[in-house]
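What follows is the content of coords17.cif (mmCIF, C-alpha atoms and all ligand atoms).
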data_final
loop_
_atom_site.label_atom_id
_atom_site.label_comp_id
_atom_site.auth_asym_id
_atom_site.auth_seq_id
_atom_site.Cartn_x
_atom_site.Cartn_y
_atom_site.Cartn_z
CA MET A 22 21.40 50.36 178.07
CA LEU A 23 19.53 52.27 180.73
CA SER A 24 22.69 53.08 182.71
CA SER A 25 24.32 54.85 179.75
CA ARG A 26 21.11 56.82 179.09
CA ASP A 27 21.14 57.72 182.79
CA LYS A 28 24.73 58.95 182.48
CA LYS A 29 23.80 61.22 179.59
CA SER A 30 20.96 62.98 181.31
CA ILE A 31 21.01 62.63 185.10
CA TRP A 32 22.99 64.34 187.87
CA HIS A 33 22.75 62.14 190.99
CA PRO A 34 22.84 63.29 194.63
CA PHE A 35 26.01 62.90 196.72
CA THR A 36 27.89 61.54 193.70
CA GLN A 37 31.29 62.44 192.23
CA HIS A 38 30.39 61.58 188.65
CA TYR A 39 34.02 61.78 187.50
CA THR A 40 34.96 58.66 189.47
CA ALA A 41 31.65 56.98 190.30
CA ASP A 42 30.75 53.55 188.97
CA ASP A 43 27.69 53.37 186.75
CA PRO A 44 24.53 53.32 188.84
CA ILE A 45 22.77 49.99 189.23
CA VAL A 46 19.44 49.95 187.43
CA ILE A 47 16.77 48.61 189.76
CA THR A 48 13.71 47.27 188.01
CA HIS A 49 11.64 46.00 190.91
CA ALA A 50 11.70 45.30 194.61
CA ARG A 51 9.90 43.17 197.15
CA GLY A 52 10.27 42.83 200.90
CA ALA A 53 13.87 43.58 201.88
CA SER A 54 15.18 42.88 198.37
CA LEU A 55 15.98 45.05 195.34
CA PHE A 56 16.37 43.43 191.90
CA ASP A 57 18.45 44.84 189.05
CA GLU A 58 17.92 44.55 185.30
CA ASN A 59 19.85 41.26 185.27
CA ALA A 60 17.63 39.89 188.04
CA LYS A 61 20.47 40.09 190.57
CA GLU A 62 19.14 40.47 194.10
CA TYR A 63 20.46 42.98 196.65
CA LEU A 64 19.40 42.91 200.28
CA ASP A 65 18.53 46.51 201.10
CA LEU A 66 20.41 46.74 204.39
CA VAL A 67 20.17 50.54 204.52
CA SER A 68 16.43 50.70 203.74
CA SER A 69 17.14 52.89 200.69
CA TRP A 70 18.48 55.87 202.61
CA TRP A 71 16.62 54.87 205.76
CA VAL A 72 13.10 55.37 204.42
CA ASN A 73 11.77 51.87 203.94
CA ILE A 74 10.36 50.24 207.04
CA HIS A 75 7.88 47.50 206.09
CA GLY A 76 9.61 46.26 202.94
CA HIS A 77 9.51 47.37 199.31
CA ALA A 78 6.33 47.58 197.26
CA HIS A 79 4.22 46.64 200.26
CA PRO A 80 0.84 45.77 198.67
CA TYR A 81 -1.31 47.32 201.40
CA ILE A 82 0.43 50.71 201.16
CA ALA A 83 0.47 50.54 197.34
CA GLN A 84 -3.28 49.95 197.33
CA ALA A 85 -3.94 52.78 199.77
CA ILE A 86 -2.07 55.18 197.47
CA ALA A 87 -3.94 53.93 194.40
CA LYS A 88 -7.29 54.34 196.17
CA GLN A 89 -6.42 57.87 197.25
CA ALA A 90 -5.15 58.75 193.75
CA ASN A 91 -8.58 57.93 192.35
CA GLN A 92 -10.29 60.21 194.84
CA LEU A 93 -8.10 63.26 195.47
CA GLU A 94 -4.51 63.41 194.30
CA HIS A 95 -3.71 66.88 195.61
CA VAL A 96 -5.13 70.18 196.71
CA MET A 97 -3.30 73.28 197.88
CA PHE A 98 -3.05 73.32 201.65
CA ALA A 99 -3.75 76.97 202.47
CA GLY A 100 -7.46 77.62 202.71
CA PHE A 101 -8.19 73.94 202.00
CA THR A 102 -7.76 70.72 203.92
CA HIS A 103 -8.55 67.03 203.50
CA GLU A 104 -9.30 63.95 205.55
CA PRO A 105 -5.99 62.08 205.03
CA ALA A 106 -4.02 65.05 206.47
CA ILE A 107 -6.42 65.44 209.40
CA LYS A 108 -6.38 61.72 210.19
CA LEU A 109 -2.61 61.60 209.90
CA ALA A 110 -2.10 64.64 212.14
CA GLU A 111 -4.37 63.02 214.75
CA ALA A 112 -2.50 59.72 214.48
CA LEU A 113 0.90 61.41 214.83
CA LEU A 114 -0.25 63.39 217.86
CA ALA A 115 -1.45 60.10 219.38
CA ILE A 116 2.05 58.66 218.84
CA ALA A 117 3.66 61.79 220.28
CA PRO A 118 1.08 63.15 222.77
CA ALA A 119 3.50 65.77 224.12
CA TYR A 120 2.65 67.84 221.01
CA ASP A 121 -0.45 69.68 219.84
CA LYS A 122 0.12 70.81 216.24
CA VAL A 123 1.53 69.30 213.06
CA PHE A 124 3.10 71.35 210.25
CA PHE A 125 3.49 69.39 207.00
CA THR A 126 6.38 69.61 204.54
CA ASP A 127 7.82 67.09 202.11
CA ASN A 128 11.37 66.15 203.12
CA GLY A 129 13.56 65.94 206.17
CA SER A 130 15.56 69.09 205.44
CA THR A 131 12.44 71.23 205.19
CA ALA A 132 11.01 69.76 208.40
CA ILE A 133 14.20 71.03 210.07
CA GLU A 134 14.05 74.35 208.24
CA VAL A 135 10.50 74.84 209.55
CA ALA A 136 11.51 74.04 213.14
CA LEU A 137 14.39 76.55 212.94
CA LYS A 138 12.14 79.20 211.42
CA ILE A 139 9.32 78.67 213.90
CA ALA A 140 11.80 78.77 216.80
CA TYR A 141 13.31 82.03 215.56
CA GLN A 142 9.95 83.66 214.82
CA TYR A 143 8.50 82.49 218.14
CA TRP A 144 10.90 84.86 219.89
CA HIS A 145 10.60 87.52 217.21
CA ASN A 146 6.79 87.58 217.59
CA GLN A 147 7.34 88.35 221.28
CA GLY A 148 9.71 91.21 220.57
CA GLN A 149 12.92 89.27 221.28
CA ASN A 150 15.84 89.02 218.90
CA ARG A 151 17.47 85.60 219.34
CA PRO A 152 19.70 85.02 216.34
CA ARG A 153 21.76 82.15 217.77
CA PHE A 154 21.34 78.40 217.34
CA VAL A 155 23.31 75.69 219.05
CA ALA A 156 23.96 72.20 217.68
CA PHE A 157 26.31 69.24 218.09
CA GLU A 158 29.58 68.51 216.33
CA GLY A 159 29.11 66.04 213.52
CA ALA A 160 25.33 66.55 213.37
CA TYR A 161 23.62 66.25 210.00
CA HIS A 162 20.23 67.91 209.56
CA GLY A 163 19.77 68.16 205.79
CA ASP A 164 20.93 70.12 202.78
CA THR A 165 18.93 73.37 202.73
CA PHE A 166 20.69 76.48 204.03
CA GLY A 167 19.33 76.57 207.58
CA ALA A 168 19.79 72.82 207.94
CA MET A 169 23.33 73.06 206.53
CA ALA A 170 24.20 75.79 209.03
CA VAL A 171 23.27 73.59 212.01
CA GLY A 172 25.04 70.66 210.32
CA LYS A 173 28.11 72.65 209.30
CA THR A 174 30.53 70.29 211.08
CA SER A 175 29.11 67.17 209.39
CA GLY A 176 31.85 67.42 206.76
CA TYR A 177 29.45 67.76 203.82
CA TYR A 178 29.33 71.50 203.24
CA ASP A 179 32.82 72.99 202.97
CA PRO A 180 32.12 74.97 199.75
CA PHE A 181 29.23 76.78 201.43
CA PHE A 182 30.89 77.78 204.72
CA ASP A 183 30.92 81.50 203.99
CA LEU A 184 27.21 81.51 203.32
CA LEU A 185 26.15 79.71 206.49
CA GLN A 186 24.92 81.56 209.53
CA GLU A 187 26.95 81.38 212.73
CA VAL A 188 26.07 78.37 214.91
CA THR A 189 27.79 77.15 218.09
CA PHE A 190 28.71 73.46 218.14
CA LEU A 191 29.05 71.39 221.29
CA PRO A 192 30.99 68.12 221.56
CA PHE A 193 28.88 64.99 220.97
CA PRO A 194 29.72 62.20 223.43
CA ALA A 195 29.65 59.30 220.96
CA THR A 196 29.95 55.92 222.62
CA TRP A 197 30.19 52.22 221.74
CA LEU A 198 30.33 48.83 223.45
CA GLU A 199 33.11 48.55 226.03
CA ASP A 200 33.76 52.31 225.86
CA THR A 201 35.33 53.27 229.20
CA THR A 202 35.36 57.02 228.55
CA VAL A 203 31.66 57.74 228.06
CA GLU A 204 31.10 59.47 231.41
CA GLU A 205 34.08 61.77 230.83
CA LYS A 206 32.84 62.70 227.35
CA GLU A 207 29.31 63.37 228.55
CA ALA A 208 30.54 65.49 231.46
CA ALA A 209 32.70 67.57 229.10
CA ALA A 210 29.79 68.10 226.70
CA LEU A 211 27.46 69.14 229.51
CA ILE A 212 30.04 71.59 230.88
CA ALA A 213 30.36 73.09 227.40
CA LEU A 214 26.55 73.40 227.24
CA ASP A 215 26.39 75.01 230.71
CA LEU A 216 29.06 77.55 229.78
CA TYR A 217 27.28 78.33 226.53
CA LEU A 218 23.90 78.77 228.21
CA GLU A 219 25.34 80.95 230.96
CA GLU A 220 26.62 83.37 228.36
CA HIS A 221 24.16 83.11 225.47
CA ALA A 222 20.81 81.66 226.62
CA ASN A 223 19.00 84.97 226.11
CA GLU A 224 20.22 85.30 222.53
CA THR A 225 19.57 81.67 221.57
CA ALA A 226 16.47 80.66 219.65
CA ALA A 227 16.96 76.90 219.95
CA LEU A 228 19.22 73.90 220.37
CA ILE A 229 18.92 71.11 217.83
CA LEU A 230 20.05 67.51 218.07
CA GLU A 231 19.55 64.04 216.66
CA PRO A 232 18.41 62.17 219.75
CA MET A 233 20.64 59.17 220.49
CA ILE A 234 22.03 58.61 216.98
CA GLN A 235 23.82 61.01 214.67
CA GLY A 236 23.09 59.31 211.36
CA ALA A 237 24.99 60.69 208.41
CA SER A 238 28.09 61.62 210.36
CA GLY A 239 28.77 57.92 210.97
CA MET A 240 26.01 56.40 213.12
CA ALA A 241 27.50 57.96 216.25
CA MET A 242 25.43 56.88 219.25
CA CYS A 243 25.03 58.52 222.65
CA ARG A 244 23.16 57.49 225.79
CA PRO A 245 19.56 58.63 226.32
CA SER A 246 20.47 60.02 229.76
CA PHE A 247 22.75 62.52 228.00
CA VAL A 248 19.99 63.72 225.65
CA GLU A 249 17.65 64.03 228.61
CA ALA A 250 20.20 66.11 230.52
CA VAL A 251 20.65 68.41 227.50
CA PHE A 252 16.92 69.02 227.06
CA LYS A 253 16.44 69.62 230.78
CA ARG A 254 19.24 72.20 230.91
CA CYS A 255 17.81 74.05 227.90
CA LYS A 256 14.36 74.08 229.45
CA THR A 257 15.73 75.60 232.66
CA ALA A 258 17.64 78.20 230.62
CA GLY A 259 14.57 79.06 228.51
CA VAL A 260 16.06 77.85 225.22
CA LEU A 261 13.79 75.94 222.83
CA THR A 262 14.78 72.41 221.82
CA ILE A 263 14.40 70.60 218.48
CA ALA A 264 14.63 66.83 218.14
CA ASP A 265 15.65 65.80 214.63
CA GLU A 266 14.03 62.37 214.43
CA ILE A 267 14.04 62.31 210.64
CA MET A 268 16.01 59.07 210.77
CA THR A 269 15.16 57.74 214.23
CA GLY A 270 11.36 58.05 214.01
CA PHE A 271 8.94 55.18 213.40
CA GLY A 272 10.63 52.44 215.35
CA ARG A 273 14.26 52.73 214.23
CA THR A 274 15.68 52.91 217.74
CA GLY A 275 13.37 50.24 219.16
CA LYS A 276 10.65 52.68 220.28
CA MET A 277 8.26 54.58 218.02
CA ILE A 278 10.30 57.76 218.54
CA ALA A 279 13.74 57.99 220.16
CA CYS A 280 12.43 60.67 222.55
CA ASP A 281 10.32 57.96 224.19
CA TYR A 282 13.57 56.86 225.89
CA LEU A 283 13.81 60.18 227.76
CA ASN A 284 11.65 59.54 230.83
CA GLY A 285 8.91 61.97 229.89
CA VAL A 286 11.25 64.80 228.82
CA TYR A 287 10.12 65.95 225.37
CA PRO A 288 11.72 68.73 223.35
CA ASP A 289 9.67 71.65 222.00
CA PHE A 290 9.82 70.40 218.40
CA LEU A 291 9.82 66.95 216.90
CA CYS A 292 10.80 66.55 213.22
CA LEU A 293 9.84 63.33 211.41
CA SER A 294 10.16 62.15 207.83
CA LYS A 295 11.88 59.18 206.07
CA GLY A 296 9.94 56.18 207.49
CA ILE A 297 6.70 58.15 207.76
CA THR A 298 5.22 56.84 204.47
CA GLY A 299 6.85 53.42 204.78
CA GLY A 300 9.32 54.59 202.14
CA PHE A 301 6.75 55.21 199.37
CA LEU A 302 6.40 58.98 199.01
CA PRO A 303 8.10 62.15 200.25
CA LEU A 304 6.51 63.62 203.37
CA ALA A 305 7.72 65.29 206.55
CA VAL A 306 6.24 66.89 209.63
CA THR A 307 7.31 69.32 212.34
CA LEU A 308 5.38 68.88 215.58
CA CYS A 309 5.16 71.53 218.28
CA ARG A 310 3.11 72.51 221.29
CA ASP A 311 0.26 75.03 221.49
CA ARG A 312 2.55 77.26 223.56
CA ILE A 313 4.60 77.80 220.39
CA TYR A 314 1.64 77.88 217.98
CA ASN A 315 -0.21 80.47 220.06
CA ALA A 316 2.66 82.95 219.68
CA PHE A 317 1.80 83.15 215.95
CA LEU A 318 -1.87 84.08 216.50
CA ASP A 319 -2.71 87.73 215.93
CA GLU A 320 -5.15 90.05 214.20
CA THR A 321 -2.47 90.82 211.61
CA TYR A 322 -0.71 88.52 209.10
CA ALA A 323 2.67 89.83 210.29
CA LYS A 324 2.92 87.19 213.01
CA ALA A 325 1.89 84.26 210.78
CA LEU A 326 4.39 81.63 209.66
CA THR A 327 5.24 82.43 206.06
CA HIS A 328 6.35 79.00 204.98
CA GLY A 329 4.79 76.40 202.68
CA HIS A 330 5.41 74.14 199.70
CA SER A 331 3.32 73.35 196.65
CA TYR A 332 2.99 69.72 197.73
CA THR A 333 2.43 70.41 201.45
CA ALA A 334 0.41 67.54 203.00
CA ASN A 335 -0.01 65.78 199.68
CA PRO A 336 -3.02 63.44 200.10
CA LEU A 337 -1.26 60.47 198.46
CA ALA A 338 1.66 60.79 200.87
CA CYS A 339 -0.74 61.18 203.82
CA ALA A 340 -2.65 58.07 202.67
CA ALA A 341 0.64 56.16 202.46
CA ALA A 342 1.58 57.31 205.97
CA LEU A 343 -1.78 56.23 207.37
CA ALA A 344 -1.44 52.85 205.64
CA SER A 345 2.08 52.49 207.05
CA LEU A 346 0.71 53.04 210.56
CA ASP A 347 -1.98 50.39 209.86
CA VAL A 348 0.80 47.96 208.88
CA PHE A 349 2.40 48.49 212.29
CA GLU A 350 -0.81 47.05 213.78
CA GLN A 351 -1.60 44.44 211.13
CA GLU A 352 1.84 42.87 211.04
CA GLN A 353 2.89 43.27 214.67
CA THR A 354 5.76 45.40 213.45
CA HIS A 355 6.93 46.15 216.99
CA GLN A 356 7.65 42.43 217.42
CA LYS A 357 9.70 42.45 214.21
CA ILE A 358 11.61 45.47 215.51
CA ALA A 359 12.25 43.70 218.82
CA ALA A 360 13.47 40.61 216.94
CA LEU A 361 15.92 42.71 214.89
CA CYS A 362 17.22 44.38 218.08
CA GLN A 363 17.75 40.95 219.58
CA MET A 364 19.62 39.67 216.51
CA HIS A 365 21.94 42.69 216.47
CA GLN A 366 22.57 42.11 220.16
CA GLU A 367 23.48 38.49 219.49
CA TRP A 368 25.85 39.43 216.67
CA ALA A 369 27.58 42.25 218.55
CA PRO A 370 30.03 40.05 220.54
CA ARG A 371 31.02 38.17 217.37
CA LEU A 372 31.74 41.45 215.63
CA LEU A 373 33.63 42.75 218.66
CA ALA A 374 35.86 39.68 218.52
CA ASN A 375 36.82 40.37 214.88
CA PRO A 376 40.29 41.98 214.72
CA ASP A 377 39.31 44.15 211.72
CA ILE A 378 36.34 45.71 213.51
CA GLU A 379 36.16 48.32 216.25
CA ARG A 380 33.63 50.55 218.00
CA VAL A 381 30.69 48.19 217.69
CA ARG A 382 27.47 49.91 218.73
CA HIS A 383 23.79 49.19 218.31
CA GLN A 384 20.49 50.74 219.17
CA GLY A 385 17.19 49.18 218.17
CA THR A 386 17.26 48.12 214.53
CA ILE A 387 20.59 49.85 213.82
CA LEU A 388 23.99 48.28 214.26
CA ALA A 389 27.23 50.02 213.29
CA PHE A 390 30.96 49.42 213.56
CA ASN A 391 34.17 50.86 212.18
CA LEU A 392 36.65 49.10 209.93
CA LYS A 393 39.86 49.08 211.93
CA ASN A 394 42.95 50.58 210.28
CA PHE A 395 41.44 50.36 206.81
CA ASN A 396 42.96 52.74 204.27
CA PRO A 397 40.69 54.45 201.70
CA GLY A 398 41.67 51.86 199.05
CA GLN A 399 40.59 48.98 201.28
CA THR A 400 37.34 50.74 202.19
CA LYS A 401 36.61 51.26 198.50
CA LYS A 402 37.32 47.58 197.83
CA PHE A 403 34.96 46.62 200.65
CA LYS A 404 32.25 48.78 199.09
CA SER A 405 32.46 47.00 195.74
CA LEU A 406 32.73 43.55 197.33
CA VAL A 407 29.52 43.99 199.30
CA ILE A 408 27.65 45.09 196.20
CA GLU A 409 29.03 42.06 194.34
CA ALA A 410 27.87 39.95 197.28
CA GLY A 411 24.33 41.27 196.80
CA LEU A 412 24.20 43.63 199.77
CA ASN A 413 23.10 47.25 199.58
CA ILE A 414 25.43 48.75 202.17
CA ARG A 415 26.72 52.28 201.90
CA PRO A 416 29.55 52.80 204.39
CA LEU A 417 30.03 56.29 205.79
CA GLY A 418 33.81 56.57 205.58
CA ALA A 419 35.11 53.72 207.73
CA THR A 420 31.72 53.18 209.35
CA VAL A 421 29.71 50.20 208.23
CA TYR A 422 26.11 50.09 209.39
CA ILE A 423 23.02 47.98 209.00
CA LEU A 424 19.65 49.71 209.14
CA PRO A 425 17.25 47.30 207.43
CA PRO A 426 13.53 47.23 206.68
CA TYR A 427 11.78 45.65 209.64
CA CYS A 428 10.60 42.74 207.49
CA LEU A 429 14.17 41.43 207.15
CA THR A 430 14.14 37.83 208.37
CA ALA A 431 16.56 36.25 210.83
CA GLU A 432 17.97 34.10 208.00
CA GLN A 433 18.50 37.12 205.77
CA LEU A 434 20.25 39.09 208.52
CA HIS A 435 22.38 36.14 209.53
CA SER A 436 23.48 35.50 205.94
CA ALA A 437 24.17 39.23 205.49
CA TYR A 438 26.48 39.31 208.53
CA VAL A 439 28.35 36.23 207.26
CA ARG A 440 28.81 37.88 203.84
CA ILE A 441 29.89 41.20 205.39
CA ILE A 442 32.56 39.51 207.47
CA ASP A 443 33.76 37.64 204.43
CA CYS A 444 33.99 40.89 202.41
CA ILE A 445 35.94 42.54 205.23
CA SER A 446 38.59 39.84 205.17
CA GLN A 447 38.75 39.85 201.35
CA SER A 448 39.24 43.63 201.15
CA LYS A 449 42.52 43.65 203.05
C1 LIG A 501 18.85 63.20 210.94
C2 LIG A 501 18.51 63.74 209.58
N1 LIG A 501 17.98 64.96 209.47
C3 LIG A 501 17.62 65.46 208.28
C4 LIG A 501 17.84 64.76 207.11
C5 LIG A 501 17.44 65.35 205.79
O1 LIG A 501 16.38 64.65 205.25
P1 LIG A 501 16.09 64.70 203.66
O2 LIG A 501 17.20 63.95 203.01
O3 LIG A 501 14.77 64.05 203.51
O4 LIG A 501 16.06 66.14 203.28
C6 LIG A 501 18.41 63.50 207.17
C7 LIG A 501 18.69 62.73 205.96
O5 LIG A 501 19.45 61.81 205.94
C8 LIG A 501 18.75 62.98 208.45
O6 LIG A 501 19.30 61.77 208.58
#

Could you quickly redo this structure as structure tokens?
Ligand SMILES: Cc1ncc(COP(=O)(O)O)c(C=O)c1O
Amino acid sequence: MLSSRDKKSIWHPFTQHYTADDPIVITHARGASLFDENAKEYLDLVSSWWVNIHGHAHPYIAQAIAKQANQLEHVMFAGFTHEPAIKLAEALLAIAPAYDKVFFTDNGSTAIEVALKIAYQYWHNQGQNRPRFVAFEGAYHGDTFGAMAVGKTSGYYDPFFDLLQEVTFLPFPATWLEDTTVEEKEAAALIALDLYLEEHANETAALILEPMIQGASGMAMCRPSFVEAVFKRCKTAGVLTIADEIMTGFGRTGKMIACDYLNGVYPDFLCLSKGITGGFLPLAVTLCRDRIYNAFLDETYAKALTHGHSYTANPLACAAALASLDVFEQEQTHQKIAALCQMHQEWAPRLLANPDIERVRHQGTILAFNLKNFNPGQTKKFKSLVIEAGLNIRPLGATVYILPPYCLTAEQLHSAYVRIIDCISQSK
């Protein structure tokens, strides 16, 4: 059995192996569906940790990778370059024209790490020591040390607290449908930011936030006007801003990037990963403006950015990303995204009316709600029932969310909602 061989030799991420069920062995996938070794089908309602956007094993992206693999699989990225990276950088800068330069890495955490390092060294290169960062309570930015520090309050890193650098956390004004307290929460958060900036702006390298949706801390959503107000205040105070769009990029929120909701206010850094290759290969980017880049130019190496990875800008991953962008055009993906948004919107009132559900919220292709008054035993039961029902859903505590590949059909989403509601009532 593959699952017992797995148990013997593999340590899985975010898994308590002492109590975890055996992992499900997936043998193949197509569209929005995963298939296990017994041919059981699971609708991938979380896009396999939010990476898959056009559906699994998309033939066009698969072919693009195969073609690239036969031509150039990899070359080191210092002193060398290649067409797929250049074309991809140009395409990304066309999607996000507020930026001028693209720095490649290979996962979301390192894209964040790079933004934090560039922000710090930007000031350092100009003779300023700015050791402080500011972030939002509950934020999750990845699992490397810098990313953990700015995500310290996400609840994932307790054993490492003593090793994490000091970061100031501001309240995040999470909101949901029929929330009557959103203005109050936003005002309190902005006052906290103002007070912080008054005292510490000159020592602060950057503020980081997940624009509009804090993912891993429970799909907590805030209004775009709040994000805009935060970025504007930082700009006035001379503090750099980092948008962590690792999850929200590539159409997740209804627009290509969540920052497109901000009325022309763009942060200094934009971090993208996850959906960038359509879910095929690891790749990430940190975008910034020439104003930042130019502060690293000098006759000496001392001002250069000393950061890089063996697989930086891997040509196969770049080819997959370019193919994924082609698919957006070829398959009218923006229409599919709009259709998903519409379907979530139609389901929201039905969910709101369910007595076991609270805090319904949705943005673009993501809908989330909380299980009301569920104890941990009931939540655990819900988790196994949905898997039995053929749905790949991975609740975050009491938060259930749907974040599907954009190819999910109306029938599939409708049937998923019906099954979810049924599992909720069975788990009580
Ligand atoms: C908003 C956000 N930032 C950063 C990360 C880290 O990305 P990765 O898991 O690729 O390191 C994640 C992953 O879930 C994320 O959701």

Worksheet entry | Selection within 7 Å of ligand LIG 501 (chain A) by only C-alpha atoms and all ligand atoms, output as a list of chain:residue names | A:Trp70, A:Asn128, A:Gly129, A:Ser130, A:Thr131, A:Ile133, A:Tyr161, A:His162, A:Gly163, A:Asp164, A:Glu231, A:Gln235, A:Gly236, A:Ala237, A:Asp265, A:Glu266, A:Ile267, A:Met268, A:Ser294, A:Lys295

Within 8 Å of A:Ile387, counting all atoms listed in the file, which residues qualify if same-chain residues fewer than 6 places away don't, as a PDB file with C-alpha atoms, keeping the file's coordinate frame?
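Wrote it out as out31.pdb, contents follow:
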ATOM      1  CA  ARG A 273      14.260  52.730 214.230  1.00  0.00           C
ATOM      2  CA  THR A 274      15.680  52.910 217.740  1.00  0.00           C
ATOM      3  CA  CYS A 362      17.220  44.380 218.080  1.00  0.00           C
ATOM      4  CA  HIS A 365      21.940  42.690 216.470  1.00  0.00           C
ATOM      5  CA  TYR A 422      26.110  50.090 209.390  1.00  0.00           C
ATOM      6  CA  ILE A 423      23.020  47.980 209.000  1.00  0.00           C
ATOM      7  CA  LEU A 424      19.650  49.710 209.140  1.00  0.00           C
ATOM      8  CA  PRO A 425      17.250  47.300 207.430  1.00  0.00           C
TER       9      PRO A 425
END

Response to the item:
atom CA of A:Pro288 to atom CA of A:Ala264 measures 6.3 Å

Give me the residues within 12 Å of A:Leu429 as an mmCIF file with C-alpha atoms, keeping the file's coordinate frame, counting only C-alpha atoms and dropping any in the same chain fewer than 2 places off.
data_model
loop_
_atom_site.group_PDB
_atom_site.id
_atom_site.type_symbol
_atom_site.label_atom_id
_atom_site.label_comp_id
_atom_site.auth_asym_id
_atom_site.auth_seq_id
_atom_site.Cartn_x
_atom_site.Cartn_y
_atom_site.Cartn_z
ATOM 1 C CA ARG A 51 9.900 43.170 197.150
ATOM 2 C CA GLY A 52 10.270 42.830 200.900
ATOM 3 C CA ALA A 53 13.870 43.580 201.880
ATOM 4 C CA SER A 54 15.180 42.880 198.370
ATOM 5 C CA LEU A 64 19.400 42.910 200.280
ATOM 6 C CA ASP A 65 18.530 46.510 201.100
ATOM 7 C CA LEU A 66 20.410 46.740 204.390
ATOM 8 C CA VAL A 67 20.170 50.540 204.520
ATOM 9 C CA SER A 68 16.430 50.700 203.740
ATOM 10 C CA ASN A 73 11.770 51.870 203.940
ATOM 11 C CA ILE A 74 10.360 50.240 207.040
ATOM 12 C CA HIS A 75 7.880 47.500 206.090
ATOM 13 C CA GLY A 76 9.610 46.260 202.940
ATOM 14 C CA HIS A 77 9.510 47.370 199.310
ATOM 15 C CA THR A 354 5.760 45.400 213.450
ATOM 16 C CA LYS A 357 9.700 42.450 214.210
ATOM 17 C CA ILE A 358 11.610 45.470 215.510
ATOM 18 C CA ALA A 360 13.470 40.610 216.940
ATOM 19 C CA LEU A 361 15.920 42.710 214.890
ATOM 20 C CA CYS A 362 17.220 44.380 218.080
ATOM 21 C CA MET A 364 19.620 39.670 216.510
ATOM 22 C CA THR A 386 17.260 48.120 214.530
ATOM 23 C CA ILE A 423 23.020 47.980 209.000
ATOM 24 C CA LEU A 424 19.650 49.710 209.140
ATOM 25 C CA PRO A 425 17.250 47.300 207.430
ATOM 26 C CA PRO A 426 13.530 47.230 206.680
ATOM 27 C CA TYR A 427 11.780 45.650 209.640
ATOM 28 C CA ALA A 431 16.560 36.250 210.830
ATOM 29 C CA GLU A 432 17.970 34.100 208.000
ATOM 30 C CA GLN A 433 18.500 37.120 205.770
ATOM 31 C CA LEU A 434 20.250 39.090 208.520
ATOM 32 C CA HIS A 435 22.380 36.140 209.530
ATOM 33 C CA SER A 436 23.480 35.500 205.940
ATOM 34 C CA ALA A 437 24.170 39.230 205.490
#

Worksheet item: For the atom pair atom CA of A:Val407 and atom CA of A:Cys444, what is the interatomic distance in Å to one decimal place?
Response: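 Result for atom CA of A:Val407 versus atom CA of A:Cys444: 6.3 Å, one decimal.
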
Worksheet item: Which residues come within 9 Å of A:Ile442, counting only C-alpha atoms, excluding same-chain residues fewer than 5 positions away, as a list in words?
Response: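 Using only C-alpha atoms, the neighbours found are Leu372, Asn375, Ala437 and Gln447 of chain A.
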
Worksheet item: What is the atom CA of A:Val188 to atom CA of A:Val171 distance in Å?
Response: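 Separating atom CA of A:Val188 from atom CA of A:Val171 is a distance of 6.3 Å.
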
Worksheet, complete the sentence: In terms of all atoms listed in the file, the residue from A:Thr430, A:Gln147, A:Thr40, A:Thr102 at minimal distance from A:Phe317 is A:Gln147

Worksheet item: Between A:Tyr332, A:Phe395, A:Tyr314, A:Tyr63, which has the minimum distance to A:Ala136 (counting all atoms listed in the file)?
Response: A:Tyr314

Expected axis-aligned box over every listed atom of stretch 205-221 of chain A, 6 Å added per side, centre plus edges in Å to one decimal, as JSON:
{"center_x": 29.0, "center_y": 72.6, "center_z": 228.5, "size_x": 22.2, "size_y": 33.6, "size_z": 18.0}

Item to complete: Write out as a PyMOL selection string which residues come within 12 Å of stretch 217-225 of chain A when counting only C-alpha atoms, dropping same-chain ones fewer than 5 positions away.
Response: chain A and resi 137+140-145+149-156+187-192+210-212+251+254-262

Once you have the residues from the selection above, write them out as a compact mmCIF listing (two decimals), keeping the file's coordinate frame, restricted to C-alpha atoms.
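Written file, result.txt:
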# COMPACT_ATOMS: atom_id res chain seq x y z
CA LEU A 137 14.39 76.55 212.94
CA ALA A 140 11.80 78.77 216.80
CA TYR A 141 13.31 82.03 215.56
CA GLN A 142 9.95 83.66 214.82
CA TYR A 143 8.50 82.49 218.14
CA TRP A 144 10.90 84.86 219.89
CA HIS A 145 10.60 87.52 217.21
CA GLN A 149 12.92 89.27 221.28
CA ASN A 150 15.84 89.02 218.90
CA ARG A 151 17.47 85.60 219.34
CA PRO A 152 19.70 85.02 216.34
CA ARG A 153 21.76 82.15 217.77
CA PHE A 154 21.34 78.40 217.34
CA VAL A 155 23.31 75.69 219.05
CA ALA A 156 23.96 72.20 217.68
CA GLU A 187 26.95 81.38 212.73
CA VAL A 188 26.07 78.37 214.91
CA THR A 189 27.79 77.15 218.09
CA PHE A 190 28.71 73.46 218.14
CA LEU A 191 29.05 71.39 221.29
CA PRO A 192 30.99 68.12 221.56
CA ALA A 210 29.79 68.10 226.70
CA LEU A 211 27.46 69.14 229.51
CA ILE A 212 30.04 71.59 230.88
CA VAL A 251 20.65 68.41 227.50
CA ARG A 254 19.24 72.20 230.91
CA CYS A 255 17.81 74.05 227.90
CA LYS A 256 14.36 74.08 229.45
CA THR A 257 15.73 75.60 232.66
CA ALA A 258 17.64 78.20 230.62
CA GLY A 259 14.57 79.06 228.51
CA VAL A 260 16.06 77.85 225.22
CA LEU A 261 13.79 75.94 222.83
CA THR A 262 14.78 72.41 221.82
